[in-house]
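This is entry32.cif. It holds mmCIF, C-alpha atoms and all ligand atoms.
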data_target
loop_
_atom_site.label_atom_id
_atom_site.label_comp_id
_atom_site.auth_asym_id
_atom_site.auth_seq_id
_atom_site.Cartn_x
_atom_site.Cartn_y
_atom_site.Cartn_z
CA MET A 755 4.06 18.78 -9.19
CA THR A 756 7.23 16.78 -8.86
CA ALA A 757 8.84 14.72 -6.17
CA GLU A 758 12.32 15.91 -5.33
CA VAL A 759 15.00 13.58 -4.20
CA THR A 760 17.92 14.49 -2.01
CA ALA A 761 20.38 12.21 -0.27
CA THR A 762 21.52 13.25 3.19
CA GLY A 763 23.82 10.33 3.76
CA ALA A 764 21.85 8.96 6.68
CA PHE A 765 18.62 8.57 4.79
CA ASP A 766 17.12 9.31 1.41
CA GLN A 767 14.36 11.86 1.13
CA LEU A 768 11.72 12.96 -1.30
CA ARG A 769 8.78 15.33 -1.14
CA VAL A 770 5.18 14.79 -2.09
CA GLU A 771 4.33 18.12 -3.70
CA LEU A 772 0.81 18.98 -2.59
CA GLY A 773 1.19 22.65 -1.76
CA GLU A 774 0.52 23.34 1.91
CA ARG A 775 -0.42 19.68 2.36
CA GLY A 776 2.92 18.54 0.92
CA TYR A 777 5.18 16.33 3.04
CA ASP A 778 8.51 14.54 3.12
CA ILE A 779 9.12 10.81 2.87
CA LEU A 780 12.34 9.69 4.52
CA VAL A 781 13.74 6.27 3.69
CA GLY A 782 16.58 4.50 5.47
CA PRO A 783 17.55 2.43 8.51
CA GLY A 784 17.25 3.71 12.07
CA LEU A 785 14.49 6.27 11.52
CA ILE A 786 12.34 4.98 14.39
CA GLU A 787 15.13 5.75 16.85
CA ARG A 788 15.35 9.25 15.38
CA ALA A 789 11.61 9.89 15.14
CA GLY A 790 11.55 12.38 18.03
CA ALA A 791 14.11 14.62 16.37
CA LEU A 792 12.58 14.26 12.92
CA MET A 793 9.03 14.97 14.10
CA SER A 794 9.91 17.83 16.44
CA PRO A 795 9.82 20.68 13.87
CA LEU A 796 6.29 19.64 12.85
CA LEU A 797 4.75 19.54 16.31
CA ARG A 798 2.20 22.17 17.26
CA ARG A 799 1.99 20.73 20.75
CA ARG A 800 4.54 18.46 22.37
CA GLN A 801 2.13 15.56 22.64
CA ALA A 802 1.88 12.43 20.49
CA VAL A 803 -0.41 9.39 20.52
CA ILE A 804 1.10 6.29 18.95
CA VAL A 805 -1.24 3.76 17.33
CA THR A 806 0.28 0.36 16.61
CA ASP A 807 -0.48 -3.37 16.68
CA GLU A 808 0.72 -6.10 19.04
CA ASN A 809 3.31 -7.57 16.64
CA VAL A 810 4.87 -4.23 15.86
CA ALA A 811 4.68 -3.00 19.46
CA ARG A 812 6.81 -5.94 20.56
CA HIS A 813 9.75 -4.74 18.47
CA TYR A 814 9.39 -1.02 17.88
CA LEU A 815 7.16 0.67 20.45
CA ALA A 816 9.87 1.00 23.10
CA PRO A 817 12.50 2.61 20.83
CA LEU A 818 9.89 4.99 19.40
CA ARG A 819 8.73 6.00 22.88
CA GLU A 820 12.30 6.54 24.02
CA SER A 821 13.01 8.75 21.07
CA LEU A 822 9.93 10.90 21.75
CA VAL A 823 10.70 11.16 25.47
CA GLU A 824 14.26 12.18 24.67
CA HIS A 825 12.87 15.12 22.74
CA GLY A 826 10.45 16.19 25.43
CA ILE A 827 7.36 14.88 23.66
CA ALA A 828 4.63 13.54 25.97
CA GLN A 829 3.41 10.27 24.52
CA HIS A 830 0.67 7.68 24.91
CA ALA A 831 0.22 4.44 22.99
CA VAL A 832 -2.82 2.46 21.84
CA VAL A 833 -2.03 -1.12 20.83
CA LEU A 834 -4.49 -2.86 18.49
CA PRO A 835 -4.80 -6.57 17.70
CA PRO A 836 -3.00 -7.42 14.42
CA GLY A 837 -4.76 -8.32 11.17
CA GLU A 838 -7.29 -7.05 8.65
CA GLY A 839 -10.14 -7.74 11.11
CA THR A 840 -8.98 -4.71 13.10
CA LYS A 841 -9.90 -2.33 10.29
CA ASP A 842 -13.61 -2.17 11.16
CA LEU A 843 -16.03 0.23 12.82
CA ALA A 844 -16.06 -1.65 16.13
CA HIS A 845 -12.29 -1.35 16.55
CA PHE A 846 -12.42 2.20 15.22
CA GLY A 847 -14.95 3.16 17.89
CA ARG A 848 -12.75 1.81 20.65
CA LEU A 849 -9.64 3.36 19.11
CA VAL A 850 -11.03 6.91 18.99
CA ASP A 851 -12.31 6.55 22.56
CA ASP A 852 -8.86 5.43 23.71
CA ILE A 853 -7.22 8.31 21.85
CA LEU A 854 -9.67 10.87 23.28
CA ALA A 855 -9.01 9.45 26.74
CA CYS A 856 -5.40 10.60 26.34
CA GLY A 857 -6.63 14.20 26.47
CA ILE A 858 -5.77 15.21 22.94
CA GLU A 859 -6.11 18.68 21.44
CA ARG A 860 -6.02 19.98 17.87
CA GLY A 861 -2.23 20.24 18.02
CA THR A 862 -1.67 16.63 19.13
CA MET A 863 0.24 14.45 16.67
CA LEU A 864 -1.04 10.95 15.92
CA VAL A 865 1.65 8.44 14.95
CA ALA A 866 0.74 5.34 12.93
CA LEU A 867 3.41 2.72 13.64
CA GLY A 868 2.77 -0.46 11.66
CA GLY A 869 1.61 -1.93 8.38
CA GLY A 870 -1.23 -0.87 6.12
CA VAL A 871 -3.90 -1.91 8.61
CA VAL A 872 -2.58 0.41 11.31
CA GLY A 873 -1.91 3.16 8.77
CA ASP A 874 -5.43 2.99 7.36
CA ILE A 875 -7.31 2.95 10.67
CA ALA A 876 -5.04 5.45 12.44
CA GLY A 877 -5.09 7.70 9.37
CA PHE A 878 -8.87 7.67 9.38
CA ALA A 879 -8.87 8.46 13.10
CA ALA A 880 -6.56 11.42 12.40
CA ALA A 881 -8.85 12.59 9.61
CA THR A 882 -11.93 12.58 11.82
CA LEU A 883 -10.84 13.25 15.43
CA LEU A 884 -11.55 16.89 16.32
CA ARG A 885 -12.27 17.29 12.56
CA GLY A 886 -8.68 16.51 11.72
CA ILE A 887 -5.40 16.31 13.64
CA ASP A 888 -1.90 15.92 12.22
CA PHE A 889 -0.44 12.47 11.76
CA VAL A 890 2.85 10.80 10.92
CA GLN A 891 3.15 7.47 9.14
CA ILE A 892 5.89 5.09 10.30
CA PRO A 893 5.29 2.11 7.98
CA THR A 894 6.85 -1.17 9.11
CA THR A 895 5.83 -3.54 6.30
CA LEU A 896 7.31 -3.43 2.80
CA LEU A 897 3.80 -2.97 1.41
CA ALA A 898 3.17 0.02 3.64
CA GLN A 899 6.57 1.54 2.86
CA VAL A 900 6.08 1.42 -0.91
CA ASP A 901 2.35 1.95 -1.08
CA SER A 902 -0.17 2.48 1.70
CA SER A 903 1.71 5.08 3.79
CA VAL A 904 2.01 7.44 0.83
CA GLY A 905 -0.86 9.21 -0.87
CA GLY A 906 -3.34 9.90 1.90
CA LYS A 907 -5.95 7.21 1.41
CA THR A 908 -7.31 6.10 4.78
CA ALA A 909 -10.00 3.46 5.19
CA LEU A 910 -12.11 1.01 7.14
CA ASP A 911 -13.75 -2.21 5.92
CA THR A 912 -17.47 -3.01 6.24
CA ARG A 913 -19.41 -6.24 5.74
CA PHE A 914 -20.27 -4.92 2.28
CA GLY A 915 -16.64 -4.80 1.26
CA LYS A 916 -13.17 -3.48 1.95
CA ASN A 917 -12.21 0.18 2.28
CA LEU A 918 -15.78 1.42 1.83
CA ILE A 919 -15.46 4.03 4.59
CA GLY A 920 -12.58 6.44 4.45
CA ALA A 921 -11.12 9.80 3.64
CA PHE A 922 -8.34 11.33 1.63
CA TYR A 923 -6.14 12.70 4.38
CA GLN A 924 -2.42 13.29 3.94
CA PRO A 925 0.15 12.63 6.67
CA ARG A 926 2.60 15.37 7.69
CA LEU A 927 5.62 13.08 7.38
CA VAL A 928 6.43 9.49 6.40
CA LEU A 929 9.35 7.70 8.08
CA ALA A 930 10.08 4.46 6.21
CA ASP A 931 12.59 2.75 8.51
CA THR A 932 14.00 0.01 6.31
CA ALA A 933 15.68 -1.68 9.28
CA SER A 934 12.24 -2.44 10.73
CA LEU A 935 11.64 -4.93 7.90
CA ALA A 936 14.18 -7.32 9.49
CA THR A 937 11.46 -8.77 11.73
CA LEU A 938 8.77 -8.94 9.03
CA PRO A 939 7.81 -12.52 8.06
CA ARG A 940 9.33 -13.51 4.68
CA ARG A 941 5.94 -14.06 3.15
CA GLU A 942 4.94 -10.47 3.99
CA VAL A 943 8.19 -9.24 2.39
CA ARG A 944 7.35 -11.11 -0.83
CA ALA A 945 3.81 -9.75 -0.80
CA GLY A 946 5.15 -6.20 -0.53
CA TYR A 947 7.48 -7.00 -3.39
CA GLY A 948 4.40 -7.68 -5.54
CA GLU A 949 3.47 -3.99 -5.23
CA ILE A 950 7.03 -2.94 -6.15
CA VAL A 951 6.83 -5.02 -9.34
CA LYS A 952 3.58 -3.17 -10.08
CA TYR A 953 5.43 0.15 -10.31
CA GLY A 954 7.82 -1.24 -12.92
CA LEU A 955 5.07 -2.83 -14.96
CA MET A 956 2.82 0.21 -14.89
CA ARG A 957 5.26 2.87 -16.01
CA ASP A 958 8.95 2.08 -15.77
CA ALA A 959 10.30 -0.74 -17.93
CA ASP A 960 13.89 0.05 -16.87
CA PHE A 961 12.91 -0.36 -13.22
CA PHE A 962 11.31 -3.71 -14.05
CA GLY A 963 14.56 -4.74 -15.75
CA TRP A 964 16.46 -3.69 -12.65
CA LEU A 965 14.08 -5.76 -10.49
CA GLU A 966 14.76 -8.80 -12.67
CA ALA A 967 18.42 -8.43 -11.71
CA LYS A 968 18.06 -7.25 -8.11
CA GLY A 969 14.75 -8.67 -6.92
CA ARG A 970 16.36 -11.45 -4.95
CA ALA A 971 18.78 -9.13 -3.14
CA LEU A 972 15.88 -6.82 -2.41
CA CYS A 973 13.79 -9.61 -0.89
CA ASP A 974 16.85 -10.58 1.17
CA LEU A 975 16.67 -6.97 2.44
CA GLU A 976 20.06 -6.04 1.02
CA ARG A 977 20.32 -2.41 2.07
CA GLY A 978 21.18 -0.70 -1.23
CA ALA A 979 18.63 -2.60 -3.30
CA LEU A 980 15.94 -2.14 -0.69
CA THR A 981 16.43 1.60 -0.30
CA ARG A 982 16.47 2.13 -4.04
CA ALA A 983 13.31 0.11 -4.59
CA VAL A 984 11.42 1.91 -1.81
CA MET A 985 12.57 5.28 -3.14
CA VAL A 986 11.67 4.54 -6.77
CA SER A 987 8.26 3.22 -5.71
CA CYS A 988 7.49 6.17 -3.41
CA ARG A 989 8.71 8.66 -6.00
CA MET A 990 6.44 7.22 -8.65
CA LYS A 991 3.48 7.17 -6.30
CA ALA A 992 4.26 10.70 -5.09
CA VAL A 993 4.33 12.09 -8.63
CA ILE A 994 1.06 10.40 -9.52
CA VAL A 995 -0.65 11.51 -6.29
CA ALA A 996 0.61 15.10 -6.71
CA ALA A 997 -0.98 15.18 -10.17
CA ASP A 998 -4.25 13.47 -9.19
CA GLU A 999 -4.77 13.41 -5.43
CA ARG A 1000 -8.40 12.25 -5.48
CA GLU A 1001 -8.12 9.60 -8.20
CA GLU A 1002 -10.02 11.34 -10.95
CA GLY A 1003 -7.49 10.41 -13.61
CA ASP A 1004 -4.02 8.82 -13.70
CA ARG A 1005 -4.04 7.73 -10.05
CA ALA A 1006 -6.30 4.86 -11.16
CA LEU A 1007 -3.30 3.35 -12.96
CA LEU A 1008 -1.92 2.47 -9.52
CA ASN A 1009 -4.72 -0.08 -9.42
CA PHE A 1010 -2.99 -2.17 -12.09
CA GLY A 1011 -3.62 -5.83 -11.22
CA HIS A 1012 -6.09 -4.80 -8.51
CA THR A 1013 -9.47 -5.51 -10.09
CA PHE A 1014 -8.39 -9.14 -10.51
CA ALA A 1015 -6.72 -9.02 -7.09
CA HIS A 1016 -9.81 -7.79 -5.25
CA ALA A 1017 -11.91 -10.52 -6.84
CA LEU A 1018 -9.35 -13.13 -5.79
CA GLU A 1019 -9.21 -11.73 -2.26
CA THR A 1020 -12.99 -11.70 -1.99
CA GLU A 1021 -13.14 -15.29 -3.23
CA THR A 1022 -10.45 -16.43 -0.77
CA GLY A 1023 -11.84 -14.45 2.17
CA PHE A 1024 -9.25 -11.65 2.66
CA GLY A 1025 -7.07 -13.73 4.90
CA ASP A 1026 -3.93 -15.80 5.16
CA ARG A 1027 -4.87 -17.96 2.21
CA LEU A 1028 -3.94 -15.09 -0.12
CA LEU A 1029 -2.22 -11.90 1.03
CA HIS A 1030 -3.01 -8.65 -0.77
CA GLY A 1031 0.40 -8.34 -2.47
CA GLU A 1032 0.19 -11.98 -3.58
CA ALA A 1033 -3.23 -11.28 -5.09
CA VAL A 1034 -1.81 -8.23 -6.88
CA ALA A 1035 1.07 -10.29 -8.30
CA LEU A 1036 -1.32 -12.92 -9.66
CA GLY A 1037 -3.68 -10.15 -10.80
CA MET A 1038 -0.91 -8.59 -12.90
CA VAL A 1039 -0.08 -11.94 -14.50
CA LEU A 1040 -3.78 -12.35 -15.36
CA ALA A 1041 -3.96 -8.79 -16.73
CA PHE A 1042 -1.01 -9.50 -19.03
CA ASP A 1043 -2.47 -12.81 -20.18
CA PHE A 1044 -5.86 -11.22 -20.82
CA ALA A 1045 -4.22 -8.37 -22.73
CA VAL A 1046 -2.46 -10.95 -24.92
CA ARG A 1047 -5.80 -12.65 -25.50
CA LEU A 1048 -7.27 -9.31 -26.63
CA GLY A 1049 -4.31 -8.72 -28.95
CA LEU A 1050 -3.15 -5.73 -26.89
CA ALA A 1051 0.15 -7.01 -25.48
CA SER A 1052 2.82 -9.47 -26.62
CA GLY A 1053 3.14 -13.05 -25.41
CA GLN A 1054 6.83 -12.33 -24.87
CA ASP A 1055 6.11 -9.61 -22.30
CA SER A 1056 3.49 -11.71 -20.59
CA HIS A 1057 5.97 -14.61 -20.34
CA ARG A 1058 8.61 -12.32 -18.84
CA VAL A 1059 6.18 -11.07 -16.19
CA ARG A 1060 5.08 -14.58 -15.27
CA GLN A 1061 8.71 -15.74 -14.97
CA HIS A 1062 9.61 -12.87 -12.68
CA VAL A 1063 6.57 -13.19 -10.45
CA ALA A 1064 7.24 -16.93 -10.10
CA ALA A 1065 10.93 -16.34 -9.35
CA ALA A 1066 9.89 -14.02 -6.52
CA GLY A 1067 7.91 -16.87 -4.96
CA LEU A 1068 4.55 -15.26 -5.75
CA PRO A 1069 1.56 -17.09 -7.26
CA THR A 1070 1.07 -17.09 -11.05
CA GLU A 1071 -1.79 -19.59 -11.38
CA LEU A 1072 -5.33 -19.67 -10.01
CA ALA A 1073 -4.82 -23.37 -9.24
CA ALA A 1074 -1.94 -22.46 -6.94
CA ILE A 1075 -4.38 -20.66 -4.65
CA GLY A 1076 -6.92 -23.46 -4.82
CA LEU A 1077 -9.30 -21.99 -7.41
CA SER A 1078 -10.73 -24.08 -10.25
CA GLY A 1079 -12.76 -23.31 -13.39
CA SER A 1080 -15.96 -23.23 -11.38
CA ALA A 1081 -14.73 -20.05 -9.68
CA ALA A 1082 -14.78 -18.07 -12.95
CA ASP A 1083 -18.37 -16.82 -12.67
CA ARG A 1084 -17.96 -15.85 -9.05
CA LEU A 1085 -14.73 -14.00 -9.82
CA LEU A 1086 -16.52 -12.08 -12.54
CA LEU A 1087 -19.28 -11.21 -10.10
CA HIS A 1088 -16.71 -9.97 -7.58
CA MET A 1089 -15.03 -7.92 -10.31
CA GLY A 1090 -18.39 -6.31 -11.05
CA LYS A 1091 -18.58 -5.24 -7.43
CA ASP A 1092 -15.17 -3.64 -7.40
CA LYS A 1093 -15.22 0.05 -6.33
CA LYS A 1094 -13.85 1.01 -9.73
CA VAL A 1095 -17.06 -0.16 -11.40
CA ARG A 1096 -18.96 2.56 -13.27
CA ASP A 1097 -22.47 1.99 -14.58
CA GLY A 1098 -22.22 -1.77 -14.21
CA ALA A 1099 -19.30 -2.03 -16.65
CA ILE A 1100 -16.04 -3.60 -15.52
CA THR A 1101 -13.05 -1.29 -15.62
CA LEU A 1102 -9.67 -2.94 -15.99
CA ILE A 1103 -6.18 -1.53 -16.06
CA LEU A 1104 -4.51 -3.42 -18.88
CA PRO A 1105 -0.96 -3.39 -20.23
CA ARG A 1106 0.17 -2.50 -23.73
CA ARG A 1107 3.68 -3.57 -22.82
CA ILE A 1108 5.95 -3.73 -19.77
CA GLY A 1109 6.03 -0.18 -18.41
CA ASP A 1110 2.85 1.00 -20.14
CA VAL A 1111 -0.70 0.40 -18.88
CA PHE A 1112 -4.02 2.09 -19.62
CA VAL A 1113 -7.58 2.21 -18.29
CA MET A 1114 -10.11 0.11 -20.23
CA ARG A 1115 -13.51 1.43 -19.14
CA ASP A 1116 -15.75 -1.21 -20.63
CA ALA A 1117 -13.91 -4.52 -20.57
CA PRO A 1118 -15.48 -7.20 -22.81
CA VAL A 1119 -17.27 -9.25 -20.16
CA GLU A 1120 -17.89 -12.42 -22.16
CA GLN A 1121 -14.28 -12.63 -23.26
CA LEU A 1122 -13.27 -12.08 -19.65
CA ARG A 1123 -15.58 -14.90 -18.53
CA GLY A 1124 -14.06 -17.29 -21.07
CA PHE A 1125 -10.56 -16.23 -20.12
CA LEU A 1126 -11.15 -16.83 -16.40
CA ALA A 1127 -12.79 -20.20 -17.01
CA GLU A 1128 -9.73 -21.33 -18.96
CA ALA A 1129 -7.25 -19.78 -16.53
CA ALA A 1130 -8.75 -21.59 -13.56
N1 LIG A 1201 -4.20 3.39 2.06
C1 LIG A 1201 -3.70 2.86 0.97
O1 LIG A 1201 -3.40 3.56 -0.01
C2 LIG A 1201 -3.49 1.38 0.93
C3 LIG A 1201 -2.76 0.82 -0.13
C4 LIG A 1201 -2.52 -0.55 -0.10
C5 LIG A 1201 -3.00 -1.32 0.94
N2 LIG A 1201 -3.72 -0.74 1.93
C6 LIG A 1201 -4.24 -1.54 3.05
O2 LIG A 1201 -3.11 -2.06 3.76
C7 LIG A 1201 -3.52 -3.24 4.45
C8 LIG A 1201 -2.44 -4.28 4.29
O3 LIG A 1201 -1.26 -3.77 4.83
P1 LIG A 1201 -0.03 -4.73 5.20
O4 LIG A 1201 0.23 -5.65 4.10
O5 LIG A 1201 1.05 -3.84 5.68
O6 LIG A 1201 -0.65 -5.63 6.35
P2 LIG A 1201 -0.69 -5.54 7.96
O7 LIG A 1201 -0.74 -4.15 8.42
O8 LIG A 1201 -1.77 -6.44 8.36
O9 LIG A 1201 0.72 -6.18 8.37
C9 LIG A 1201 0.98 -7.52 8.05
C10 LIG A 1201 1.42 -8.32 9.28
O10 LIG A 1201 2.76 -7.99 9.63
C11 LIG A 1201 2.85 -7.59 10.99
N3 LIG A 1201 3.95 -6.63 11.03
C12 LIG A 1201 3.92 -5.36 10.55
N4 LIG A 1201 5.16 -4.84 10.60
C13 LIG A 1201 5.97 -5.78 11.14
C14 LIG A 1201 7.36 -5.82 11.42
N5 LIG A 1201 8.17 -4.82 11.09
N6 LIG A 1201 7.85 -6.94 12.00
C15 LIG A 1201 7.03 -7.99 12.27
N7 LIG A 1201 5.71 -8.02 11.99
C16 LIG A 1201 5.19 -6.92 11.43
C17 LIG A 1201 1.49 -7.08 11.33
O11 LIG A 1201 1.23 -7.16 12.70
C18 LIG A 1201 0.60 -8.05 10.53
O12 LIG A 1201 0.45 -9.24 11.24
C19 LIG A 1201 -4.86 -3.63 3.87
O13 LIG A 1201 -5.87 -3.35 4.80
C20 LIG A 1201 -5.00 -2.75 2.65
O14 LIG A 1201 -6.35 -2.44 2.35
C21 LIG A 1201 -3.96 0.59 1.95
ZN ZN A 1202 -2.39 -2.86 -3.50
#

Go through the file and emit its structure as structure tokens.
Amino acid sequence: MTAEVTATGAFDQLRVELGERGYDILVGPGLIERAGALMSPLLRRRQAVIVTDENVARHYLAPLRESLVEHGIAQHAVVLPPGEGTKDLAHFGRLVDDILACGIERGTMLVALGGGVVGDIAGFAAATLLRGIDFVQIPTTLLAQVDSSVGGKTALDTRFGKNLIGAFYQPRLVLADTASLATLPRREVRAGYGEIVKYGLMRDADFFGWLEAKGRALCDLERGALTRAVMVSCRMKAVIVAADEREEGDRALLNFGHTFAHALETETGFGDRLLHGEAVALGMVLAFDFAVRLGLASGQDSHRVRQHVAAAGLPTELAAIGLSGSAADRLLLHMGKDKKVRDGAITLILPRRIGDVFVMRDAPVEQLRGFLAEAA
């Protein structure tokens, strides 16, 4: 039930304890170049199909291929266009055709090389091709390294909403190559940082305190700070996932800030105007403010959160993302359509204090409406 941590010198390592579906997460620089060696013991057949996107392929496809070839692993690659628009059924249909055209068998290993978009679509392909083939996650965005590559959620978007098609399907290995973040646009680094802050706020006040001191170094990709933050985040997620793989209980706490965030993303069109991690950062600020309004959390904590989110260059105000008071009703409507809705009631994850959040099943809708109207 626990995640174990061992340091090997070259990289840090922890295990997601899920019995026979358990797997290791390795964190450190240079893992892409060593992928062939690290994957080898897991292969049932010496064949791998790499799924990636154009941006990532430019930097990391060649070194990954070389590493596989060096270890006698036959490899093919499918390169997708970048962006959230790729995570749909049309691209999925073409992707599975392209993968099948490589002549795969049950023992073939799929390798997801990229951010959360690649991880989600490739993971879903692995879950469904030949009723399930093994896959390895090589996350190359900070968000994917601390969140989407761990835990086994795979998904596609539909016109009815995001992530509405998917499967719980765990990878066999996660290689979080921290050196690959060097080419990631700064804004994407900050967005990933939003998810790291989430881990501190949801259940580790000391980690949040550490982020207040080290957040800048981390966003500058200082090696020690970066590795520690990725490890702490993955460890927390691994422990939660091991205890509640299919989100029937505590795993929902990982959605802290996300009901607000999904409404904001829906309102802004899931695009460049507001990145997911930015929406989560603003969502957490709103959750703290709303908790203060309900008398559940202290103004002091809420102030501290806002300060830190702002210092990280992430949005703290609805106005900053171009939303005004007139958006309040629409945001509420979007919140009512969130996947976490049960019986028409809005479920929110709200804080009691920094490091302690809980699930509120039936959030007071009218108070929420008033709060949003004032916030915007
Ligand atoms: N499965 C889960 O548990 C889970 C959790 C959170 C988010 N997600 C999903 O993850 C997706 C968002 O993931 P994301 O933020 O990683 O976005 P992304 O995959 O779109 O990557 C962001 C951008 O960075 C580029 N990029 C990626 N790595 C790079 C690198 N090393 N150097 C240069 N450019 C690089 C990509 O091409 C893309 O343009 C969403 O679809 C979201 O729903 C899934
Ligand atoms: Zn998220």

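Summary of the local environment: counting all atoms listed in the file, residues at most 7 Å from Leu867 in chain A, other than itself and those fewer than 4 positions away along its chain, are Ile804, Val805, Thr806, Val872, Gln891, Ile892, Pro893 and Thr894 of chain A.
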
For range 891-958 of chain A versus range 1062-1072 of chain A, which residues have an atom no more than 12 Å away, and what is each residue's nearest atom pair and distance in Å rounded to one decimal, using all atoms listed in the file, chain-then-number order, as CSV?
residue,atom,partner,partner_atom,distance
A:Arg940,CA,A:Gly1067,CA,10.3
A:Arg941,CA,A:Gly1067,CA,8.8
A:Glu942,CA,A:Leu1068,CA,10.9
A:Val943,CA,A:Ala1066,CA,10.3
A:Arg944,CA,A:Ala1066,CA,6.9
A:Ala945,CA,A:Leu1068,CA,7.4
A:Gly946,CA,A:Leu1068,CA,10.5
A:Tyr947,CA,A:Ala1066,CA,8.1
A:Gly948,CA,A:Leu1068,CA,7.6
A:Glu949,CA,A:Val1063,CA,11.0
A:Ile950,CA,A:Val1063,CA,11.1
A:Val951,CA,A:Val1063,CA,8.2
A:Lys952,CA,A:Val1063,CA,10.5
A:Gly954,CA,A:His1062,CA,11.8
A:Leu955,CA,A:His1062,CA,11.3

Excluding range 808-818 of chain A and residues on its chain fewer than 6 positions from it, collect all residues at most 9 Å away from it, counting all atoms listed in the file, and give them as an MDAnalysis selection string.
chainID A and resid 786:790 831 833:836 867:869 894 934 937

Write out as a ChimeraX atom specification the residues lying within 7 Å of range 912-921 of chain A, counting all atoms listed in the file and excluding same-chain residues fewer than 6 positions away.
/A:842,878,881

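Closest to ligand LIG 1201 (chain A) among A:Val904, A:Val823, A:Leu884, A:Ile1100 is A:Val904, based on only C-alpha atoms and all ligand atoms.
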
Can you list, as JSON, numbers by chain, every protein, DNA or RNA residue that comes within 10 Å of Met1089 in chain A when you count all atoms listed in the file, leaving out same-chain residues fewer than 5 positions away?
{"A": [1012, 1013, 1014, 1015, 1016, 1017, 1018, 1020, 1083, 1084, 1094, 1095, 1099, 1100, 1101, 1102]}

Saved selection, atoms kept: C-alpha atoms, as a tab-separated table (two decimals), in the frame of the given file:
chain	number	residue	atom	x	y	z
A	1012	HIS	CA	-6.09	-4.80	-8.51
A	1013	THR	CA	-9.47	-5.51	-10.09
A	1014	PHE	CA	-8.39	-9.14	-10.51
A	1015	ALA	CA	-6.72	-9.02	-7.09
A	1016	HIS	CA	-9.81	-7.79	-5.25
A	1017	ALA	CA	-11.91	-10.52	-6.84
A	1018	LEU	CA	-9.35	-13.13	-5.79
A	1020	THR	CA	-12.99	-11.70	-1.99
A	1083	ASP	CA	-18.37	-16.82	-12.67
A	1084	ARG	CA	-17.96	-15.85	-9.05
A	1094	LYS	CA	-13.85	1.01	-9.73
A	1095	VAL	CA	-17.06	-0.16	-11.40
A	1099	ALA	CA	-19.30	-2.03	-16.65
A	1100	ILE	CA	-16.04	-3.60	-15.52
A	1101	THR	CA	-13.05	-1.29	-15.62
A	1102	LEU	CA	-9.67	-2.94	-15.99

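A straight line drawn from atom O11 of ligand LIG 1201 (chain A) to CA of Asp974 in chain A is 19.7 Å long.
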
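If you measure from each of A:Lys991, A:Arg1027, A:Arg970, A:Arg1005 to Glu771 in chain A using all atoms listed in the file, the closest one turns out to be A:Lys991.
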
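Taking CA of Lys841 in chain A as the reference point, CA of Leu972 in chain A is found at 29.1 Å.
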
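Among the candidate residues A:Gly1037, A:Gly1031, A:Gly776, A:Gly782, the one lying nearest to ligand ZN 1202 (chain A) is A:Gly1031, with distances computed using all atoms listed in the file.
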
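Nearest residue to ligand ZN 1202 (chain A) among A:Ser902, A:Thr932, A:Thr895, A:Thr882 is A:Ser902, counting all atoms listed in the file.
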
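We find CA of His1088 in chain A and CA of Val1039 in chain A to be spaced 18.1 Å apart.
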
Compare A:Gly870, A:Pro1105, A:Gly1076, A:Gly978 by their minimum atom-to-atom distance to ligand ZN 1202 (chain A), counting all atoms listed in the file, and give me the closest one.
A:Gly870

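Candidate residues A:Glu966, A:Asp998, A:Glu774, A:Asp1026 were compared for distance to ligand LIG 1201 (chain A), and the nearest is A:Asp1026, using all atoms listed in the file.
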
Selection near Pro1118 in chain A, 12 Å with only C-alpha atoms, sequence-local residues under 4 positions removed, as a ChimeraX atom specification
/A:1044-1045,1047-1048,1086,1099-1102,1114,1122-1125
